[in-house]
Structures are given as C-alpha cells and as structure tokens.
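Chemist: What follows is a single structure, and I will ask about it in a moment.
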Amino acid sequence: LFQGLGFAPVIEVFDLNRRFYADESPEKVNLGLGAYRNDDGEPWVLPVVHKAEELVVSNRTLNHEYLPICGLPEFRQAATRLALGSESVVIKENRVLSIQTIGGTGSLRLAAEFLKQKLHLDTVLISSLTWDNHSGIFKATGYSQVNEYRYWNPGTKGLDLDGLLADLQNATEKTVVILHTCAHNTTATDPSPQQWKQIVSVLKERKLIPVMDCTYQGLVSGDVDEDAYPLRLLASDGVEFLIAQSFSKNFGLYNERLGNLAIITKDSSTIDEMRSQCEMIIRRIWSNPPHHGARVVATILNDKSLYQEWKDQVIIMADRIKLMRKMLHERLVNLKTPGDWNHVLTQTGMFVYTGMTSPQVKYLTSKFHIYLTKMGRINMCAMTTKNVDYVSKAIHEAVTT
Ligand code: PMP
C-alpha cells in the first residue's frame, strides 16, 4: 500500500537545523531558521512571557476544557487591537472577525480555505521571492493559479516598486494578494509609507483582496504601532482584507503555535455568517485551538503594565538585531569585502538577504560550519558579539575565493 511514495522535497530550514545539530564543530553557527537568539546564541524566553505563564499556571480557576472553535475571546480581541490599533474604527464598528489559529501558518491556511471554499477564489499573487510556504499553502488548498508579482530588484538590491504596481494593475478583480506587513521574509525590504499608499491605492482600485502576513510586528522599528502602518492604512481606506498574524516571533512563542486571523469587512452584518462558515472549516481541520499561548498573550496584552513590559522587550530584540547589522556591516567594510554591503544596514527585520550565491553559501557551510539558506538569507538574530568576527571573515573568504 505505501510503497513507491518517494520523498517529498526537503524543507530547507528544518533540514539546515538537523544538519546544524549533527555538526560537531565548536565553531558552527546557524543563520538559517528565523528564530530570535540572545547574545549568547540561546533562545530567549521573554521575561514578561515567564511572568504571564506563572500567572496562568497558578490560576486554579482555569481548566483544560475545549475552547470555542474560534478560540479565546480575550486573546482574539487583543490580537486584533494590536494589529489595527486601539482607536481602530473598524473595531469600533464591529467590522472585524477574529479567529485564533495555529500559528501564522494556520492563519494563512484558514484564509486560503475560506477564500477558496466560500468565495470561490482561485488565483493568488505572491511576491517574487517570499517565504516558501506562501505558494505551498495556497497550492495545497487547491488554487489553480499561484502567480508572482515583482518585488525584488537585484540590480538595486531594493524594492521593484514599478514592477510591483504594474503587476497589481494587471491582476484581475478579486485576485488574492499576499503582502508582508513588515520585515519581508526573504528580501528584508519593505515599502516606505509613501510607497504603501501607492500600493494600497492600486489594491483598492483593482478590487484585489489583500492577505497581510503579519509575522514580525515590532521587530523592524521596535515600535509595534509603527510596524503595523500598512494594516491601519488599508483599514482607514475602507479596503476589505485579511490579516494573518503570528505570535511566534514577537512573543517568542514559536512552538505554542499561536496566530490570529482577522477578516475586515465593510459591513458588520456579514460577521455572524462569516464566523459560522469559518467555524465549519476549522472544525474539519483542527477543531479548536490550544489554550496556553493564547492565555499568555491575552494576559500580557490586556494588562497595562505587562503590555508595556512586552513592548520594552520587543525593543530589546529589535535593537539587538540593529546592533548586529551595524557590527557585520562595519566588519565587511573594514575587510574590504568586494561589493556594496550597505543593504546589511538598510534592510529590515530579522533577516539580511545578502546577495551571496549558492556556491558561496555552500562554501560557508563546508568550510566554516555556517548554515544558511541557499538563497543567501541570513538570520541576523543568530549573530552575536562573539561570532560576528568569525562570520564576517568567513563571508569575506567565501566572496573572495
Ligand atoms: N509568514 C512568514 C513570512 C514567516 O516568516 C513565517 C515563519 N517563518 C510564518 C508566516 C509562519 O509563522 P508561524 O511559525 O507562526 O506559523
């Protein structure tokens, strides 16, 4: 029965992790998987998360009963407020449906299923160069058209705004368009507020359906409100759209698998039917979501002082990433590594899209035990004040050999 299945393609970041752990070199560095590390290269449980976990665990009135299919209400509401702002008109007018999901991946999958099953949409545009699961999820959901819009200009090592706008202009009405709210994963390049205005105006004019992937809120500027700019612009411009939020990175809750899907409608009278349809979709997939992460995040977001502590800790993460950018850049400039490395400084979020070629990446791994995706994307959070010299010299050698 199970013979001849063959192997599915390797999932690169998990394969990198496996190879990294199997590598016995004391100098090894894992710049692959997108997870925050402290300056000792260790995973960081945010102190505010520890605090909230203690409150949750010591609360004897809580139990392990099933949550409602759409999840914990105090989490969903707070998550949506985080994305859209506490003064959001769409929230005040009851025009948002919020659903707790299984990580950002679950949010995207639910968005894909809902738009396909209930609105019969079949075409999605993803940015050329993106997180590989964008196409994977929409293909697995049965979209027959998973196409790309231009995003990255290798010549300028920056955003191809003209290409992006032209591709959106040419899209047919009701095409689903996945956009990264901030910290674009893979190119680490985001539109400016002015460019977002142009993008939103085309999305609106062409009646496209934006799905805003919101995985790194806070990790670009350190300010969770500033990073949410495009979400608030879409909402205030009257666009109907979806937000697929993840709490993996900015709360460091990776494996608690916590996400939120917010669907913004023009008409609050549609919310109950939308909820009912989403509930049936979820019932068939994961039935209802887990408690722990949602309780922790709800505890933090709904308490003024814990919320402030969390925001301060997001700043710590964002600042450490910026420091590592600065240190890597300085070293490459001092080493006179060929090429212009300014993008190491100017790119945003957790990653640097280095522009290194696949053979250069291979060289880093085989000679220096440095692991990164073959596209040359590095996770800046895995860089520390202790390994930055080693990594810089290795990059220099890979580029000059
Ligand atoms: N979207 C993007 C752009 C991501 O980088 C990731 C995580 N790497 C996700 C979604 C999924 O996040 P989660 O781990 O919460 O499912």
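Going through the structure tokens in order, the chains are called A, B, and so on, while each chain numbers its residues from 1 and the ligands are numbered from 1 in the order shown.
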Show me, as a Markdown table, the residues of chain A having an atom within 8 Å of ligand 1, each with the closest atom pair and its distance in Å, using only C-alpha atoms and all ligand atoms.
Modeler:
| residue | atom | partner | partner_atom_place_in_ligand_line | distance |
| --- | --- | --- | --- | --- |
| A:Leu33 | CA | ligand 1 | 8 (N) | 7.7 |
| A:Gly34 | CA | ligand 1 | 8 (N) | 5.9 |
| A:Ile102 | CA | ligand 1 | 16 (O) | 6.9 |
| A:Gly103 | CA | ligand 1 | 15 (O) | 3.6 |
| A:Gly104 | CA | ligand 1 | 15 (O) | 3.7 |
| A:Thr105 | CA | ligand 1 | 16 (O) | 3.7 |
| A:Gly106 | CA | ligand 1 | 16 (O) | 6.3 |
| A:Ser107 | CA | ligand 1 | 16 (O) | 7.9 |
| A:Leu108 | CA | ligand 1 | 10 (C) | 7.5 |
| A:Thr130 | CA | ligand 1 | 3 (C) | 7.3 |
| A:Trp131 | CA | ligand 1 | 3 (C) | 5.3 |
| A:Asn133 | CA | ligand 1 | 10 (C) | 7.6 |
| A:His134 | CA | ligand 1 | 1 (N) | 7.5 |
| A:His180 | CA | ligand 1 | 3 (C) | 6.6 |
| A:His184 | CA | ligand 1 | 3 (C) | 6.7 |
| A:Asn185 | CA | ligand 1 | 3 (C) | 5.1 |
| A:Thr186 | CA | ligand 1 | 3 (C) | 8.0 |
| A:Asp213 | CA | ligand 1 | 1 (N) | 5.8 |
| A:Cys214 | CA | ligand 1 | 1 (N) | 7.0 |
| A:Thr215 | CA | ligand 1 | 1 (N) | 5.5 |
| A:Tyr216 | CA | ligand 1 | 5 (O) | 7.9 |
| A:Ala244 | CA | ligand 1 | 10 (C) | 7.9 |
| A:Gln245 | CA | ligand 1 | 15 (O) | 7.6 |
| A:Ser246 | CA | ligand 1 | 15 (O) | 4.3 |
| A:Phe247 | CA | ligand 1 | 15 (O) | 6.0 |
| A:Ser248 | CA | ligand 1 | 15 (O) | 4.7 |
| A:Lys249 | CA | ligand 1 | 15 (O) | 7.4 |
| A:Tyr254 | CA | ligand 1 | 14 (O) | 5.9 |
| A:Asn255 | CA | ligand 1 | 14 (O) | 7.6 |
| A:Arg257 | CA | ligand 1 | 15 (O) | 6.0 |
| A:Leu258 | CA | ligand 1 | 15 (O) | 6.3 |
| A:Gly259 | CA | ligand 1 | 15 (O) | 6.2 |
Chemist: Mind dumping the selected residues with C-alpha atoms as a short mmCIF file (atom, residue, chain, number, x, y, z; two decimals), in the first residue's frame?
Modeler:
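Okay, selection20.cif is ready:
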data_model
loop_
_atom_site.label_atom_id
_atom_site.label_comp_id
_atom_site.auth_asym_id
_atom_site.auth_seq_id
_atom_site.Cartn_x
_atom_site.Cartn_y
_atom_site.Cartn_z
CA LEU A 33 15.95 29.25 10.92
CA GLY A 34 14.11 32.52 11.66
CA ILE A 102 -2.45 27.51 14.85
CA GLY A 103 0.42 29.97 14.31
CA GLY A 104 0.77 32.27 11.35
CA THR A 105 0.77 29.19 9.14
CA GLY A 106 -2.69 28.25 10.43
CA SER A 107 -3.92 31.81 9.81
CA LEU A 108 -2.76 31.69 6.22
CA THR A 130 8.98 35.07 -0.49
CA TRP A 131 8.60 32.60 2.35
CA ASN A 133 5.03 28.33 2.38
CA HIS A 134 3.01 31.12 0.74
CA HIS A 180 4.20 41.14 4.09
CA HIS A 184 9.63 40.98 4.32
CA ASN A 185 10.87 37.43 4.58
CA THR A 186 13.26 36.83 2.35
CA ASP A 213 1.04 38.36 6.52
CA CYS A 214 1.89 39.91 9.90
CA THR A 215 4.63 37.77 11.42
CA TYR A 216 7.22 40.29 12.59
CA ALA A 244 -2.73 36.59 9.16
CA GLN A 245 -0.95 37.25 12.45
CA SER A 246 1.71 35.13 14.09
CA PHE A 247 2.82 35.37 17.72
CA SER A 248 5.81 33.12 17.18
CA LYS A 249 8.49 35.76 16.81
CA TYR A 254 7.21 29.62 18.44
CA ASN A 255 6.03 26.20 19.37
CA ARG A 257 1.53 27.66 17.68
CA LEU A 258 -0.38 30.87 18.20
CA GLY A 259 -1.89 33.01 15.48
#
Chemist: List the spatial neighbours of Met350 in chain A as a PyMOL selection string - criterion: any atom at most 10 Å away, only C-alpha atoms, same-chain residues fewer than 2 positions off excluded.
Modeler: chain A and resi 34-36+183-186+188+216+219-220+249+317-318+321-322+325+347-348+352+378-382
Chemist: Can those selected residues be exported to a file as an mmCIF file, in the first residue's frame so that it contains N, CA and C atoms?
Modeler:
data_model
loop_
_atom_site.group_PDB
_atom_site.id
_atom_site.type_symbol
_atom_site.label_atom_id
_atom_site.label_comp_id
_atom_site.auth_asym_id
_atom_site.auth_seq_id
_atom_site.Cartn_x
_atom_site.Cartn_y
_atom_site.Cartn_z
ATOM 1 N N GLY A 34 14.477 31.174 11.212
ATOM 2 C CA GLY A 34 14.113 32.520 11.660
ATOM 3 C C GLY A 34 13.620 32.544 13.095
ATOM 4 N N ALA A 35 14.552 32.398 14.030
ATOM 5 C CA ALA A 35 14.154 32.479 15.437
ATOM 6 C C ALA A 35 15.132 33.403 16.146
ATOM 7 N N TYR A 36 14.629 34.160 17.125
ATOM 8 C CA TYR A 36 15.467 35.112 17.845
ATOM 9 C C TYR A 36 16.425 34.369 18.782
ATOM 10 N N ALA A 183 9.077 43.620 7.594
ATOM 11 C CA ALA A 183 10.164 42.636 7.686
ATOM 12 C C ALA A 183 9.992 41.524 6.656
ATOM 13 N N HIS A 184 9.853 41.942 5.404
ATOM 14 C CA HIS A 184 9.626 40.983 4.320
ATOM 15 C C HIS A 184 10.610 39.807 4.418
ATOM 16 N N ASN A 185 10.042 38.630 4.509
ATOM 17 C CA ASN A 185 10.865 37.427 4.578
ATOM 18 C C ASN A 185 10.925 36.823 3.178
ATOM 19 N N THR A 186 11.887 37.074 2.544
ATOM 20 C CA THR A 186 13.262 36.825 2.350
ATOM 21 C C THR A 186 14.113 38.046 2.025
ATOM 22 N N ALA A 188 13.986 41.138 3.168
ATOM 23 C CA ALA A 188 14.200 42.091 4.259
ATOM 24 C C ALA A 188 14.026 43.534 3.777
ATOM 25 N N TYR A 216 6.065 39.676 11.906
ATOM 26 C CA TYR A 216 7.221 40.289 12.586
ATOM 27 C C TYR A 216 6.890 41.649 13.189
ATOM 28 N N LEU A 219 9.381 43.973 15.232
ATOM 29 C CA LEU A 219 10.789 43.588 15.109
ATOM 30 C C LEU A 219 11.560 44.403 14.066
ATOM 31 N N VAL A 220 10.848 45.306 13.380
ATOM 32 C CA VAL A 220 11.551 46.197 12.455
ATOM 33 C C VAL A 220 11.991 47.449 13.191
ATOM 34 N N LYS A 249 7.220 35.025 16.726
ATOM 35 C CA LYS A 249 8.495 35.760 16.806
ATOM 36 C C LYS A 249 8.442 36.871 17.850
ATOM 37 N N MET A 317 14.795 43.239 21.489
ATOM 38 C CA MET A 317 15.067 42.336 20.358
ATOM 39 C C MET A 317 15.417 43.144 19.105
ATOM 40 N N ALA A 318 14.588 44.166 18.823
ATOM 41 C CA ALA A 318 14.820 44.960 17.599
ATOM 42 C C ALA A 318 16.181 45.656 17.666
ATOM 43 N N ILE A 321 19.078 43.299 17.009
ATOM 44 C CA ILE A 321 19.208 42.985 15.576
ATOM 45 C C ILE A 321 19.925 44.148 14.870
ATOM 46 N N LYS A 322 19.526 45.370 15.221
ATOM 47 C CA LYS A 322 20.153 46.540 14.567
ATOM 48 C C LYS A 322 21.646 46.604 14.892
ATOM 49 N N ARG A 325 23.475 44.168 12.770
ATOM 50 C CA ARG A 325 23.602 44.677 11.396
ATOM 51 C C ARG A 325 24.806 45.610 11.306
ATOM 52 N N GLN A 347 18.428 47.014 5.298
ATOM 53 C CA GLN A 347 17.319 46.061 5.271
ATOM 54 C C GLN A 347 16.674 45.974 6.657
ATOM 55 N N THR A 348 15.463 45.390 6.689
ATOM 56 C CA THR A 348 14.681 45.470 7.923
ATOM 57 C C THR A 348 14.363 44.081 8.487
ATOM 58 N N VAL A 352 18.866 39.308 6.684
ATOM 59 C CA VAL A 352 19.579 40.037 5.643
ATOM 60 C C VAL A 352 19.586 39.129 4.418
ATOM 61 N N ILE A 378 20.306 35.436 5.655
ATOM 62 C CA ILE A 378 20.803 35.090 6.989
ATOM 63 C C ILE A 378 19.925 35.690 8.076
ATOM 64 N N ASN A 379 19.782 34.928 9.142
ATOM 65 C CA ASN A 379 19.024 35.393 10.293
ATOM 66 C C ASN A 379 19.971 36.200 11.184
ATOM 67 N N MET A 380 19.763 37.519 11.211
ATOM 68 C CA MET A 380 20.673 38.390 11.978
ATOM 69 C C MET A 380 20.627 38.096 13.469
ATOM 70 N N CYS A 381 19.501 37.554 13.947
ATOM 71 C CA CYS A 381 19.375 37.298 15.382
ATOM 72 C C CYS A 381 20.322 36.202 15.841
ATOM 73 N N ALA A 382 20.787 35.392 14.881
ATOM 74 C CA ALA A 382 21.688 34.309 15.278
ATOM 75 C C ALA A 382 23.124 34.794 15.336
#
Chemist: What is the distance between CA of His396 in chain A and CA of Glu12 in chain A, in Å to one decimal?
Modeler: 24.1 Å
Chemist: Please identify every residue of range 216-270 of chain A that has at least one atom no farther than 10 Å from an atom of range 75-93 of chain A, counting only C-alpha atoms, and for each give the shortest atom pair and the distance in Å to one decimal, arranged by chain then increasing number, as JSON lines.
Modeler:
{"residue": "A:Gln217", "atom": "CA", "partner": "A:Ala83", "partner_atom": "CA", "distance": 8.2}
{"residue": "A:Val224", "atom": "CA", "partner": "A:Leu82", "partner_atom": "CA", "distance": 7.7}
{"residue": "A:Asp225", "atom": "CA", "partner": "A:Gly85", "partner_atom": "CA", "distance": 7.1}
{"residue": "A:Asp227", "atom": "CA", "partner": "A:Ala83", "partner_atom": "CA", "distance": 9.2}
{"residue": "A:Ala228", "atom": "CA", "partner": "A:Ala83", "partner_atom": "CA", "distance": 6.1}
{"residue": "A:Tyr229", "atom": "CA", "partner": "A:Leu84", "partner_atom": "CA", "distance": 8.8}
{"residue": "A:Pro230", "atom": "CA", "partner": "A:Leu84", "partner_atom": "CA", "distance": 9.6}
{"residue": "A:Leu231", "atom": "CA", "partner": "A:Leu84", "partner_atom": "CA", "distance": 6.4}
{"residue": "A:Arg232", "atom": "CA", "partner": "A:Leu84", "partner_atom": "CA", "distance": 5.5}
{"residue": "A:Leu233", "atom": "CA", "partner": "A:Leu84", "partner_atom": "CA", "distance": 9.3}
{"residue": "A:Leu234", "atom": "CA", "partner": "A:Leu84", "partner_atom": "CA", "distance": 9.7}
{"residue": "A:Ala235", "atom": "CA", "partner": "A:Val90", "partner_atom": "CA", "distance": 6.8}
{"residue": "A:Ser236", "atom": "CA", "partner": "A:Val89", "partner_atom": "CA", "distance": 7.5}
{"residue": "A:Gly238", "atom": "CA", "partner": "A:Val90", "partner_atom": "CA", "distance": 8.8}
{"residue": "A:Ile243", "atom": "CA", "partner": "A:Ala83", "partner_atom": "CA", "distance": 8.2}
{"residue": "A:Ala244", "atom": "CA", "partner": "A:Ala83", "partner_atom": "CA", "distance": 9.9}
{"residue": "A:Gln245", "atom": "CA", "partner": "A:Ala83", "partner_atom": "CA", "distance": 8.1}
{"residue": "A:Ser246", "atom": "CA", "partner": "A:Ala79", "partner_atom": "CA", "distance": 9.6}
{"residue": "A:Phe247", "atom": "CA", "partner": "A:Ala79", "partner_atom": "CA", "distance": 9.1}
{"residue": "A:Gly259", "atom": "CA", "partner": "A:Ala79", "partner_atom": "CA", "distance": 8.6}
{"residue": "A:Asn260", "atom": "CA", "partner": "A:Arg76", "partner_atom": "CA", "distance": 6.6}
{"residue": "A:Leu261", "atom": "CA", "partner": "A:Thr80", "partner_atom": "CA", "distance": 8.4}
{"residue": "A:Ala262", "atom": "CA", "partner": "A:Thr80", "partner_atom": "CA", "distance": 6.5}
{"residue": "A:Ile263", "atom": "CA", "partner": "A:Thr80", "partner_atom": "CA", "distance": 9.6}
{"residue": "A:Ile264", "atom": "CA", "partner": "A:Val90", "partner_atom": "CA", "distance": 7.4}
{"residue": "A:Thr265", "atom": "CA", "partner": "A:Val90", "partner_atom": "CA", "distance": 8.3}
{"residue": "A:Lys266", "atom": "CA", "partner": "A:Val90", "partner_atom": "CA", "distance": 8.4}
{"residue": "A:Asp267", "atom": "CA", "partner": "A:Glu93", "partner_atom": "CA", "distance": 9.0}
{"residue": "A:Ser268", "atom": "CA", "partner": "A:Glu93", "partner_atom": "CA", "distance": 7.1}
Chemist: Suppose we keep N, CA and C atoms; can you now write the selection as an mmCIF file, in the first residue's frame?
Modeler:
data_model
loop_
_atom_site.group_PDB
_atom_site.id
_atom_site.type_symbol
_atom_site.label_atom_id
_atom_site.label_comp_id
_atom_site.auth_asym_id
_atom_site.auth_seq_id
_atom_site.Cartn_x
_atom_site.Cartn_y
_atom_site.Cartn_z
ATOM 1 N N GLN A 217 5.643 41.861 13.587
ATOM 2 C CA GLN A 217 5.241 43.184 14.095
ATOM 3 C C GLN A 217 6.108 43.578 15.294
ATOM 4 N N VAL A 224 5.553 48.614 17.904
ATOM 5 C CA VAL A 224 4.537 47.725 17.313
ATOM 6 C C VAL A 224 3.499 48.504 16.498
ATOM 7 N N ASP A 225 3.292 49.775 16.853
ATOM 8 C CA ASP A 225 2.328 50.576 16.091
ATOM 9 C C ASP A 225 2.921 51.005 14.744
ATOM 10 N N ASP A 227 5.176 49.540 12.999
ATOM 11 C CA ASP A 227 5.301 48.399 12.083
ATOM 12 C C ASP A 227 3.955 47.972 11.483
ATOM 13 N N ALA A 228 2.866 48.401 12.130
ATOM 14 C CA ALA A 228 1.539 47.991 11.646
ATOM 15 C C ALA A 228 0.969 48.997 10.640
ATOM 16 N N TYR A 229 1.805 49.932 10.199
ATOM 17 C CA TYR A 229 1.328 51.019 9.340
ATOM 18 C C TYR A 229 0.433 50.556 8.167
ATOM 19 N N PRO A 230 0.883 49.589 7.354
ATOM 20 C CA PRO A 230 0.044 49.242 6.196
ATOM 21 C C PRO A 230 -1.312 48.656 6.578
ATOM 22 N N LEU A 231 -1.381 47.985 7.730
ATOM 23 C CA LEU A 231 -2.659 47.414 8.162
ATOM 24 C C LEU A 231 -3.657 48.538 8.449
ATOM 25 N N ARG A 232 -3.140 49.561 9.126
ATOM 26 C CA ARG A 232 -4.021 50.664 9.534
ATOM 27 C C ARG A 232 -4.405 51.526 8.334
ATOM 28 N N LEU A 233 -3.493 51.584 7.371
ATOM 29 C CA LEU A 233 -3.786 52.324 6.142
ATOM 30 C C LEU A 233 -4.914 51.628 5.371
ATOM 31 N N LEU A 234 -4.802 50.326 5.209
ATOM 32 C CA LEU A 234 -5.843 49.571 4.499
ATOM 33 C C LEU A 234 -7.188 49.736 5.199
ATOM 34 N N ALA A 235 -7.159 49.638 6.548
ATOM 35 C CA ALA A 235 -8.411 49.725 7.303
ATOM 36 C C ALA A 235 -9.031 51.115 7.154
ATOM 37 N N SER A 236 -8.197 52.157 7.243
ATOM 38 C CA SER A 236 -8.774 53.503 7.190
ATOM 39 C C SER A 236 -9.180 53.868 5.766
ATOM 40 N N GLY A 238 -10.838 51.885 3.877
ATOM 41 C CA GLY A 238 -12.084 51.183 3.565
ATOM 42 C C GLY A 238 -11.906 49.918 2.745
ATOM 43 N N ILE A 243 -5.898 39.731 7.755
ATOM 44 C CA ILE A 243 -4.577 39.813 8.397
ATOM 45 C C ILE A 243 -4.271 38.452 9.009
ATOM 46 N N ALA A 244 -3.146 37.879 8.597
ATOM 47 C CA ALA A 244 -2.726 36.594 9.157
ATOM 48 C C ALA A 244 -1.592 36.867 10.140
ATOM 49 N N GLN A 245 -1.942 36.895 11.424
ATOM 50 C CA GLN A 245 -0.949 37.248 12.449
ATOM 51 C C GLN A 245 -0.296 36.007 13.047
ATOM 52 N N SER A 246 0.993 36.177 13.367
ATOM 53 C CA SER A 246 1.710 35.125 14.093
ATOM 54 C C SER A 246 2.227 35.726 15.395
ATOM 55 N N PHE A 247 2.251 34.925 16.433
ATOM 56 C CA PHE A 247 2.822 35.372 17.715
ATOM 57 C C PHE A 247 4.088 34.588 18.041
ATOM 58 N N GLY A 259 -1.656 32.017 16.526
ATOM 59 C CA GLY A 259 -1.886 33.011 15.482
ATOM 60 C C GLY A 259 -3.297 33.565 15.606
ATOM 61 N N ASN A 260 -3.580 34.542 14.768
ATOM 62 C CA ASN A 260 -4.919 35.132 14.749
ATOM 63 C C ASN A 260 -5.210 35.539 13.309
ATOM 64 N N LEU A 261 -6.383 35.160 12.843
ATOM 65 C CA LEU A 261 -6.799 35.632 11.525
ATOM 66 C C LEU A 261 -7.863 36.695 11.730
ATOM 67 N N ALA A 262 -7.603 37.892 11.233
ATOM 68 C CA ALA A 262 -8.595 38.973 11.308
ATOM 69 C C ALA A 262 -9.115 39.230 9.899
ATOM 70 N N ILE A 263 -10.431 39.203 9.762
ATOM 71 C CA ILE A 263 -11.027 39.466 8.446
ATOM 72 C C ILE A 263 -11.843 40.753 8.561
ATOM 73 N N ILE A 264 -11.466 41.734 7.766
ATOM 74 C CA ILE A 264 -12.086 43.058 7.866
ATOM 75 C C ILE A 264 -13.120 43.192 6.751
ATOM 76 N N THR A 265 -14.348 43.488 7.141
ATOM 77 C CA THR A 265 -15.442 43.602 6.180
ATOM 78 C C THR A 265 -15.987 45.028 6.177
ATOM 79 N N LYS A 266 -16.640 45.380 5.091
ATOM 80 C CA LYS A 266 -17.259 46.715 5.026
ATOM 81 C C LYS A 266 -18.536 46.756 5.842
ATOM 82 N N ASP A 267 -19.113 45.573 6.042
ATOM 83 C CA ASP A 267 -20.493 45.521 6.515
ATOM 84 C C ASP A 267 -20.588 44.594 7.727
ATOM 85 N N SER A 268 -20.830 45.167 8.901
ATOM 86 C CA SER A 268 -20.810 44.355 10.120
ATOM 87 C C SER A 268 -21.888 43.262 10.117
#
Chemist: Which of range 61-292 of chain A end up as alpha helix (DSSP H) when DSSP is run on this backbone - answer as an MDAnalysis selection string?
Modeler: chainID A and resid 73:84 89:92 103:117 133:140 161:169 193:205 224:227 229:236 271:285 292
Chemist: Write out as an MDAnalysis selection string which residues come within 12 Å of Leu345 in chain A when counting only C-alpha atoms, dropping same-chain ones fewer than 6 positions away.
Modeler: chainID A and resid 188:189 321:333 351:354 380
Chemist: For C-alpha atoms, I'd like the residues from the last selection saved as a JSON list (two decimals), in the first residue's frame.
Modeler:
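Below you can see again.json, which holds the result:
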[["chain", "number", "residue", "atom", "x", "y", "z"],
["A", 188, "ALA", "CA", 14.20, 42.09, 4.26],
["A", 189, "THR", "CA", 12.96, 45.03, 2.19],
["A", 321, "ILE", "CA", 19.21, 42.99, 15.58],
["A", 322, "LYS", "CA", 20.15, 46.54, 14.57],
["A", 323, "LEU", "CA", 23.40, 46.31, 16.52],
["A", 324, "MET", "CA", 24.32, 43.08, 14.78],
["A", 325, "ARG", "CA", 23.60, 44.68, 11.40],
["A", 326, "LYS", "CA", 25.92, 47.51, 12.30],
["A", 327, "MET", "CA", 28.68, 45.20, 13.52],
["A", 328, "LEU", "CA", 28.51, 42.91, 10.48],
["A", 329, "HIS", "CA", 28.49, 45.89, 8.12],
["A", 330, "GLU", "CA", 31.46, 47.52, 9.85],
["A", 331, "ARG", "CA", 33.47, 44.35, 9.63],
["A", 332, "LEU", "CA", 32.75, 43.70, 5.95],
["A", 333, "VAL", "CA", 33.69, 47.29, 5.14],
["A", 351, "PHE", "CA", 16.93, 38.82, 8.03],
["A", 352, "VAL", "CA", 19.58, 40.04, 5.64],
["A", 353, "TYR", "CA", 19.21, 38.98, 2.07],
["A", 354, "THR", "CA", 22.93, 39.04, 1.40],
["A", 380, "MET", "CA", 20.67, 38.39, 11.98]]
Chemist: With only C-alpha atoms as the basis for distance, which of A:Pro26, A:Thr401, A:Thr346, A:Ala166 is at the shortest distance from Tyr363 in chain A?
Modeler: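 Result for the nearest residue to Tyr363 in chain A: A:Thr401.
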Chemist: So that I can check the surroundings of Asn387 in chain A, please list as a PyMOL selection string every protein, DNA and RNA residue that reaches within 10 Å of it, counting only C-alpha atoms and ignoring chain neighbours fewer than 6 positions away.
Modeler: chain A and resi 27-29+39-41
Chemist: Deliver the residues from the most recent selection as a file, using N, CA and C atoms, as an mmCIF file, in the first residue's frame.
Modeler:
data_model
loop_
_atom_site.group_PDB
_atom_site.id
_atom_site.type_symbol
_atom_site.label_atom_id
_atom_site.label_comp_id
_atom_site.auth_asym_id
_atom_site.auth_seq_id
_atom_site.Cartn_x
_atom_site.Cartn_y
_atom_site.Cartn_z
ATOM 1 N N GLU A 27 32.711 25.658 16.317
ATOM 2 C CA GLU A 27 32.550 26.994 15.710
ATOM 3 C C GLU A 27 31.255 27.155 14.933
ATOM 4 N N LYS A 28 30.450 26.102 14.865
ATOM 5 C CA LYS A 28 29.270 26.142 13.992
ATOM 6 C C LYS A 28 28.324 27.289 14.365
ATOM 7 N N VAL A 29 27.680 27.831 13.324
ATOM 8 C CA VAL A 29 26.722 28.926 13.519
ATOM 9 C C VAL A 29 25.506 28.628 12.643
ATOM 10 N N ASP A 39 22.425 37.299 22.971
ATOM 11 C CA ASP A 39 23.824 37.478 22.570
ATOM 12 C C ASP A 39 24.694 36.274 22.941
ATOM 13 N N ASP A 40 24.121 35.304 23.677
ATOM 14 C CA ASP A 40 24.857 34.053 23.909
ATOM 15 C C ASP A 40 24.458 33.005 22.870
ATOM 16 N N GLY A 41 23.654 33.427 21.910
ATOM 17 C CA GLY A 41 23.214 32.479 20.888
ATOM 18 C C GLY A 41 22.130 31.531 21.377
#
Chemist: Of the residues A:Met274, A:Leu110, A:Ala298, A:Leu372, which is the one nearest to Arg95 in chain A, using only C-alpha atoms?
Modeler: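 Distance minimum relative to Arg95 in chain A lands on A:Met274.
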